[in-house]
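Source file: start04.cif (mmCIF, C-alpha atoms)
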```
data_input
#
loop_
_atom_site.label_atom_id
_atom_site.label_comp_id
_atom_site.auth_asym_id
_atom_site.auth_seq_id
_atom_site.Cartn_x
_atom_site.Cartn_y
_atom_site.Cartn_z
CA MET A 1 64.95 83.58 129.58
CA GLU A 2 64.52 86.77 131.60
CA ARG A 3 64.47 84.81 134.86
CA GLY A 4 67.74 83.17 133.94
CA LEU A 5 69.32 86.55 133.28
CA LEU A 6 68.11 87.79 136.65
CA TRP A 7 69.64 84.82 138.48
CA LEU A 8 73.00 85.05 136.70
CA PRO A 9 74.38 87.92 138.86
CA LEU A 10 73.29 86.08 142.00
CA LEU A 11 75.05 82.94 140.83
CA SER A 12 78.19 85.00 140.19
CA VAL A 13 78.04 86.38 143.74
CA PHE A 14 77.72 82.87 145.19
CA ILE A 15 80.68 81.65 143.15
CA TRP A 16 82.79 84.60 144.30
CA LEU A 17 81.79 84.02 147.96
CA ALA A 18 82.71 80.35 147.71
CA TRP A 19 86.12 81.24 146.23
CA ALA A 20 86.75 83.90 148.91
CA GLY A 21 85.86 81.42 151.67
CA TRP A 22 88.12 78.75 150.22
CA ASN A 23 90.96 81.27 149.87
CA GLU A 24 90.64 82.36 153.51
CA TYR A 25 90.46 78.74 154.67
CA GLN A 26 93.72 78.02 152.86
CA LYS A 27 95.38 81.00 154.60
CA VAL A 28 94.20 79.84 158.03
CA GLU A 29 95.42 76.28 157.42
CA ALA A 30 98.83 77.53 156.26
CA TYR A 31 98.98 79.73 159.39
CA ARG A 32 98.02 76.80 161.63
CA ARG A 33 100.92 74.72 160.29
CA TRP A 34 103.32 77.67 160.65
CA ALA A 35 102.15 78.53 164.19
CA GLU A 36 102.87 75.05 165.59
CA GLN A 37 106.52 76.00 166.14
CA PHE A 38 105.67 78.93 168.47
CA GLU A 39 104.62 79.20 172.11
CA ARG A 40 102.18 81.97 171.26
CA ALA A 41 100.86 83.09 167.87
CA LYS A 42 98.24 85.35 166.28
CA TYR A 43 96.59 85.48 162.87
CA ASP A 44 94.57 88.19 161.21
CA ILE A 45 94.18 89.42 157.67
CA TYR A 46 97.04 91.91 157.97
CA ALA A 47 99.77 89.91 159.70
CA VAL A 48 100.82 86.76 161.48
CA LEU A 49 102.92 86.96 164.62
CA GLY A 50 104.68 84.20 166.53
CA GLN A 51 106.63 84.24 169.79
CA GLN A 52 109.18 81.66 170.83
CA GLY A 53 110.94 82.71 174.03
CA SER A 54 112.25 86.22 173.49
CA ASP A 55 112.14 85.95 169.69
CA LEU A 56 109.27 87.40 167.66
CA THR A 57 108.62 86.47 164.03
CA TRP A 58 106.02 88.18 161.89
CA GLY A 59 104.94 88.32 158.28
CA GLN A 60 102.05 88.52 155.85
CA PRO A 61 99.59 85.60 155.55
CA THR A 62 99.07 83.90 152.19
CA ARG A 63 97.56 80.60 151.03
CA ARG A 64 101.01 79.03 150.77
CA GLY A 65 102.13 80.23 154.20
CA PRO A 66 103.43 83.49 155.65
CA ILE A 67 105.69 85.59 153.44
CA ASN A 68 107.97 88.58 154.06
CA LEU A 69 108.94 87.08 157.41
CA ALA A 70 111.02 89.21 159.74
CA ALA A 71 112.34 88.37 163.18
CA PHE A 72 113.77 90.26 166.13
CA SER A 73 114.41 89.67 169.81
CA LEU A 74 112.54 91.32 172.66
CA LYS A 75 115.94 91.68 174.31
CA GLU A 76 116.80 94.34 171.69
CA VAL A 77 113.55 96.29 172.12
CA GLN A 78 113.65 99.56 174.06
CA ALA A 79 109.91 100.33 174.11
CA ILE A 80 106.58 98.92 172.93
CA ARG A 81 103.70 101.25 172.03
CA LEU A 82 100.18 100.69 170.80
CA LEU A 83 99.32 103.05 167.94
CA VAL A 84 95.72 103.63 166.89
CA ASP A 85 95.33 105.95 163.89
CA ASP A 86 99.01 106.94 164.33
CA GLN A 87 98.43 108.11 167.91
CA ALA A 88 99.99 106.38 170.93
CA VAL A 89 97.28 104.89 173.15
CA ASP A 90 97.32 103.89 176.82
CA LEU A 91 96.84 100.13 177.10
CA ASN A 92 94.36 100.67 179.95
CA ALA A 93 92.21 103.27 178.14
CA LEU A 94 91.50 101.77 174.74
CA PRO A 95 89.44 103.41 172.00
CA GLN A 96 86.53 101.43 170.60
CA LYS A 97 87.78 101.40 167.01
CA GLY A 98 90.56 102.59 164.79
CA ARG A 99 91.40 102.60 161.10
CA SER A 100 95.02 101.61 161.56
CA ILE A 101 96.23 99.64 164.57
CA PHE A 102 99.88 98.80 165.14
CA LEU A 103 102.17 97.54 167.86
CA GLU A 104 105.36 99.55 167.49
CA PHE A 105 108.70 98.20 168.70
CA SER A 106 111.52 100.73 169.17
CA LEU A 107 114.99 99.30 168.66
CA PRO A 108 118.27 100.91 169.74
CA ASN A 109 119.60 101.46 166.23
CA PRO A 110 118.44 104.59 164.39
CA ALA A 111 116.41 102.59 161.88
CA GLN A 112 112.64 102.88 161.60
CA PRO A 113 110.73 101.18 164.41
CA ILE A 114 109.04 97.88 163.63
CA ARG A 115 105.27 98.16 163.24
CA ILE A 116 103.11 95.04 163.29
CA PRO A 117 99.53 95.62 162.07
CA PHE A 118 96.42 94.34 163.85
CA THR A 119 92.74 94.40 162.94
CA ASP A 120 91.43 94.58 166.51
CA VAL A 121 92.37 97.11 169.22
CA THR A 122 91.70 94.66 172.07
CA LEU A 123 93.85 91.93 170.52
CA ALA A 124 96.69 94.40 169.96
CA ALA A 125 96.40 95.66 173.54
CA ASN A 126 96.51 92.11 174.93
CA TRP A 127 99.65 91.36 172.92
CA GLY A 128 101.12 94.70 173.98
CA ARG A 129 100.53 94.01 177.69
CA HIS A 130 101.97 90.51 177.43
CA LEU A 131 105.06 91.64 175.54
CA GLN A 132 105.65 94.60 177.88
CA GLN A 133 105.63 92.19 180.84
CA GLU A 134 108.16 89.99 179.09
CA LEU A 135 110.25 93.03 178.12
CA ALA A 136 110.34 94.10 181.78
CA SER A 137 111.60 90.65 182.78
CA TYR A 138 114.56 91.01 180.38
CA SER A 139 115.58 94.44 181.73
#
```
Here is the file; what I need is its structure written in the form of structure tokens.
Amino acid sequence: MERGLLWLPLLSVFIWLAWAGWNEYQKVEAYRRWAEQFERAKYDIYAVLGQQGSDLTWGQPTRRGPINLAAFSLKEVQAIRLLVDDQAVDLNALPQKGRSIFLEFSLPNPAQPIRIPFTDVTLAANWGRHLQQELASYS
């Protein structure tokens, strides 16, 4: 009886891990189907991002597919900055880690800039470099 009670918490952990893995798999599969329509796309736990020509679409990943989708054109963007812990960072001198990582897109209207979250500094920097090159080609 005591051995069974000792194994019960471990069984609960295994059940939770299996559910978490299945949940993440469902998110990745929904992202994969969504990303087929884009030339370039990224997935992480905070956001999905897709690029088709000069248009960028981003949203929040879920098991049923991305939600809260928003879109804008690179042709409207005035500047792109990489923010790590709310500080602008040079794309050629990256910090090792950061708590909050965003690509910030400044638009001409006085509204708030668009911030797309990332989990990895290197991935955000690669996207930032690519999008800055494309932004320069539209200028």
Give as a short mmCIF file (atom, residue, chain, number, x, y, z; two decimals) with C-alpha atoms, keeping the file's coordinate frame the residues that the PyMOL selection byres ((chain A and resi 46) around 7) matches when applied to the coordinates above.
```
data_model
loop_
_atom_site.label_atom_id
_atom_site.label_comp_id
_atom_site.auth_asym_id
_atom_site.auth_seq_id
_atom_site.Cartn_x
_atom_site.Cartn_y
_atom_site.Cartn_z
CA ASP A 44 94.57 88.19 161.21
CA ILE A 45 94.18 89.42 157.67
CA ALA A 47 99.77 89.91 159.70
CA GLN A 60 102.05 88.52 155.85
CA PRO A 117 99.53 95.62 162.07
CA PHE A 118 96.42 94.34 163.85
#
```
Any idea what's packed within 10 Å of A:Pro113, counting only C-alpha atoms, ignoring anything in its chain fewer than 6 positions away? Could you give it as a list in words?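 Everything that qualifies: Val77, Ala79, Ile80, Leu103, Glu104, Phe105, Ser106 and Leu107 of chain A.
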Convert the current residue selection to file output with C-alpha atoms, as an mmCIF file, in the coordinates of the input.
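File written: out34.cif
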```cif
data_model
loop_
_atom_site.group_PDB
_atom_site.id
_atom_site.type_symbol
_atom_site.label_atom_id
_atom_site.label_comp_id
_atom_site.auth_asym_id
_atom_site.auth_seq_id
_atom_site.Cartn_x
_atom_site.Cartn_y
_atom_site.Cartn_z
ATOM 1 C CA VAL A 77 113.550 96.290 172.120
ATOM 2 C CA ALA A 79 109.910 100.330 174.110
ATOM 3 C CA ILE A 80 106.580 98.920 172.930
ATOM 4 C CA LEU A 103 102.170 97.540 167.860
ATOM 5 C CA GLU A 104 105.360 99.550 167.490
ATOM 6 C CA PHE A 105 108.700 98.200 168.700
ATOM 7 C CA SER A 106 111.520 100.730 169.170
ATOM 8 C CA LEU A 107 114.990 99.300 168.660
#
```
Using only C-alpha atoms, can you list as a list in words the residues within 10 Å of (102.6, 88.2, 158.4)? Tyr31, Lys42, Tyr43, Asp44, Ile45, Tyr46, Ala47, Val48, Leu49, Gly50, Thr57, Trp58, Gly59, Gln60, Pro61, Thr62, Gly65, Pro66, Ile67, Asn68, Leu69, Ala70, Ile116 and Pro117 of chain A
Write to file, as a PDB file, in the frame of the given file, the residues of the selection just made, with C-alpha atoms.
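Result written to out37.pdb:
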```pdb
ATOM      1  CA  TYR A  31      98.980  79.730 159.390  1.00  0.00           C
ATOM      2  CA  LYS A  42      98.240  85.350 166.280  1.00  0.00           C
ATOM      3  CA  TYR A  43      96.590  85.480 162.870  1.00  0.00           C
ATOM      4  CA  ASP A  44      94.570  88.190 161.210  1.00  0.00           C
ATOM      5  CA  ILE A  45      94.180  89.420 157.670  1.00  0.00           C
ATOM      6  CA  TYR A  46      97.040  91.910 157.970  1.00  0.00           C
ATOM      7  CA  ALA A  47      99.770  89.910 159.700  1.00  0.00           C
ATOM      8  CA  VAL A  48     100.820  86.760 161.480  1.00  0.00           C
ATOM      9  CA  LEU A  49     102.920  86.960 164.620  1.00  0.00           C
ATOM     10  CA  GLY A  50     104.680  84.200 166.530  1.00  0.00           C
ATOM     11  CA  THR A  57     108.620  86.470 164.030  1.00  0.00           C
ATOM     12  CA  TRP A  58     106.020  88.180 161.890  1.00  0.00           C
ATOM     13  CA  GLY A  59     104.940  88.320 158.280  1.00  0.00           C
ATOM     14  CA  GLN A  60     102.050  88.520 155.850  1.00  0.00           C
ATOM     15  CA  PRO A  61      99.590  85.600 155.550  1.00  0.00           C
ATOM     16  CA  THR A  62      99.070  83.900 152.190  1.00  0.00           C
ATOM     17  CA  GLY A  65     102.130  80.230 154.200  1.00  0.00           C
ATOM     18  CA  PRO A  66     103.430  83.490 155.650  1.00  0.00           C
ATOM     19  CA  ILE A  67     105.690  85.590 153.440  1.00  0.00           C
ATOM     20  CA  ASN A  68     107.970  88.580 154.060  1.00  0.00           C
ATOM     21  CA  LEU A  69     108.940  87.080 157.410  1.00  0.00           C
ATOM     22  CA  ALA A  70     111.020  89.210 159.740  1.00  0.00           C
ATOM     23  CA  ILE A 116     103.110  95.040 163.290  1.00  0.00           C
ATOM     24  CA  PRO A 117      99.530  95.620 162.070  1.00  0.00           C
TER      25      PRO A 117
END
```
In Å, rounded to a single decimal, give me how far atom CA of A:Arg63 is from atom CA of A:Glu24. 7.6 Å
Taking 6 positions as the minimum chain separation for residues in the same chain, which residues sit within 10 Å of A:Gln87 when counting all atoms listed in the file? Answer as a list of chain:residue names.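 Residues near the query, excluding close chain neighbours: A:Arg81, A:Ser100, A:Ile101, A:Phe102.
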The PyMOL selection byres ((chain A and resi 38) around 10) applied to the shown file, residues as a VMD selection string: chain A and resid 34 to 37 39 to 41 49 to 53 55 to 57
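From atom CA of A:Ala111 back to atom CA of A:Glu76, the distance works out to 12.8 Å.
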For a test of reading the model, state the distance in Å between atom CA of A:Leu91 and atom CA of A:Leu123, rounded to one decimal.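 Atom-to-atom, atom CA of A:Leu91 to atom CA of A:Leu123, that is 10.9 Å.
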Starting from the PyMOL selection byres ((chain A and resi 96) around 9), expand the selection into actual residues of this file and give them as a list in words. Leu94, Pro95, Lys97, Gly98, Val121 and Thr122 of chain A
Determine the nearest neighbour of A:Gln26 from the options A:Val13, A:Arg99, A:Gly4, A:Arg64, counting all atoms listed in the file. A:Arg64
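Counting only C-alpha atoms, the residue from A:Ile114, A:Leu6, A:Leu135, A:Ala124 that sits nearest to A:Leu82 is A:Ala124.
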Given only C-alpha atoms as the basis, pick out the residue of A:Lys75, A:Arg3, A:Lys27, A:Arg33 nearest to A:Glu134. A:Lys75
